[in-house]
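Let me begin by presenting the structure, written as C-alpha cells, before commenting on it.
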Amino acid sequence: MKTIEIKTISRKETGKKATKHLRRKEHVPCVMYGQKEENVHFHAHKNEFRKLVYTPNSYIISLNIDDNKYDTVMKSVDFHPVTDEIMHIDFFRIDISKEFTVEVPIKTTGLSVGIQAGGVLRVARRKLAVQALAEFLPDDITLDVTDLNIGDSIKVNELDEQFDKLKFLDPQSIVVAVEVTRLAKTEEELEEELEEGEEGEGEEREPKEGEAKEGEAKDGEAKAKEKTKEKK
C-alpha cells in the first residue's frame, strides 16, 4: 500500500473559539490517537487533505507534525452538512512493524456471464477492512467476476485462499453479486400473471356463497316465467 506524507502544524489551543478561527483560515482541525500514546491535536490547510479524502484509494499516512513523523491511517472524516467541506479528521497511530487494520478498495475485472445474460453487477462493498503487516497490504483487492452468473455472488470468506496474507473482517458479507435487473423482474412477473390467467381459462368456476351455478340459474329463470304465465 502506498504511503503519502502530509505536513501539519500542532495545535496548542483546542477550544471552540480556536477551532472556529482555524476554519475561517480554511484549515482543518485534526487529532491523532492510538498505541496508548497521548492524543496529538494538529491542523493543516484543507488542500493538504484533498488527495487523501477525495479519492477511492487508501493510504498509509505519514503525518509530519512540526517535523516529527508518525505512521497513521485515517479513521474518520466529518463533513459540513451543507457545503460538504472537511470539518475534522481523526487519525489512528500505527506501529508499522506490527499488523494493523485498514480499509482496502475493491476493484473488479472481467465481463461476467450473468451480465451478458442481462443481469447487472452490484458492488456491495467499495472497501474491505483487513488486518495485515504493511508489507502485505495491497493498493486494492481485484476480483475476477467473469464466471459469475445471475444470482451468484462473492463473499468475504471466499477471499481467504486468494489473499492468504490478509485477515478479513466481517467474513459473511457479500462483496459483489450479479442480480436480475428491475426491468427483467417486471417482465418475469407479467409472464407469471399471463401463465396463471391461461391456466384458469376453461376451468369451471365454483359459485360463491348464495350464487347459483350456470345450469341452475337457467332452470330457475324458466320456472319463474311459467309461474308468471299461470297467474295471468
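Following the order of the C-alpha cells, chains are lettered A, B, ..., residues in each are numbered from 1, and ligands are numbered from 1.
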
- Item | Residue contacts of Leu121 of chain A (7 Å, only C-alpha atoms) excluding same-chain residues fewer than 2 positions away, as a ChimeraX atom specification | /A:115,119,123,177-179

Could the residues in this selection be written to a file with C-alpha atoms, as a tab-separated table (two decimals), in the first residue's frame?
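So the final result, stored in selection-v7.tsv, reads:
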```tsv
chain	number	residue	atom	x	y	z
A	115	ILE	CA	-24.16	-9.51	-17.24
A	119	GLY	CA	-28.01	-9.20	-15.30
A	123	VAL	CA	-20.71	-3.94	-5.80
A	177	ALA	CA	-23.18	-10.02	-6.83
A	178	VAL	CA	-24.85	-10.36	-10.22
A	179	GLU	CA	-28.55	-9.63	-9.93
```

- Task: Report as a list in words: the residues of segment 8-43 of chain A with a DSSP assignment of alpha helix (DSSP H), based on the backbone of this structure.
- Result: Lys16, Lys17, Ala18, Thr19, Lys20, His21, Leu22, Arg23 and Arg24 of chain A

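Residue nearest Asp152 of chain A within the list A:Leu128, A:Ile106, A:Glu85, A:Val113: A:Val113 [criterion: smallest interatomic distance, only C-alpha atoms].
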
- Query: If you count only C-alpha atoms, which residues fall within 10 Å of Ile96 of chain A, apart from same-chain ones fewer than 6 positions away, as a PyMOL selection string?
  - Reply: chain A and resi 60+70-72+133-135

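Excluding Lys165 of chain A itself and any same-chain residue fewer than 5 positions from it, the protein and nucleic acid residues within 12 Å of it, counting only C-alpha atoms, are Glu99, Val130, Gln131, Ala132, Leu133, Ala134, Glu135, Phe136, Leu137, Pro138, Leu159 and Asp160 of chain A.
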
Keeping only C-alpha atoms, take the residues you just selected and write them out as a PDB file, in the first residue's frame.
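Resulting contents of selection.pdb:
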```
ATOM      1  CA  GLU A  99      -0.277  -5.883  11.975  1.00  0.00           C
ATOM      2  CA  VAL A 130      -8.381  -6.029   6.558  1.00  0.00           C
ATOM      3  CA  GLN A 131      -5.659  -6.678   9.085  1.00  0.00           C
ATOM      4  CA  ALA A 132      -2.095  -7.310   7.924  1.00  0.00           C
ATOM      5  CA  LEU A 133       1.527  -6.224   8.028  1.00  0.00           C
ATOM      6  CA  ALA A 134       2.268  -3.157   5.918  1.00  0.00           C
ATOM      7  CA  GLU A 135       4.451  -5.151   3.503  1.00  0.00           C
ATOM      8  CA  PHE A 136       1.499  -7.395   2.563  1.00  0.00           C
ATOM      9  CA  LEU A 137      -1.148  -4.687   2.170  1.00  0.00           C
ATOM     10  CA  PRO A 138      -2.187  -4.228  -1.488  1.00  0.00           C
ATOM     11  CA  LEU A 159     -11.175 -14.436  -0.446  1.00  0.00           C
ATOM     12  CA  ASP A 160      -9.054 -16.121   2.257  1.00  0.00           C
TER      13      ASP A 160
END
```

- What lies within 6 Å of Val175 of chain A using only C-alpha atoms, ignoring chain neighbours under 3 positions off, as a list of chain:residue names?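 The neighbour list is A:Ala124, A:Arg125, A:Ile154, A:Lys155.
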
- Task: Kindly indicate which residue among A:Asp164, A:Leu148, A:Glu158, A:Gln35 lies nearest to Lys98 of chain A, using only C-alpha atoms for the distances.
- Result: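 For Lys98 of chain A, the nearest of the candidates is A:Gln35.
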
- Taking only C-alpha atoms into account, which of A:Asp139, A:Glu37, A:Asp84, A:Asp67 comes nearest Met1 of chain A?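 Once distances to Met1 of chain A are computed over only C-alpha atoms, the minimum belongs to A:Asp139.
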
- Task: Choose the residue, out of A:Lys75, A:Lys36, A:His41, A:His80, that has the smallest atom-to-atom separation from Phe92 of chain A; count only C-alpha atoms.
- Result: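 For Phe92 of chain A, the nearest of the candidates is A:Lys75.
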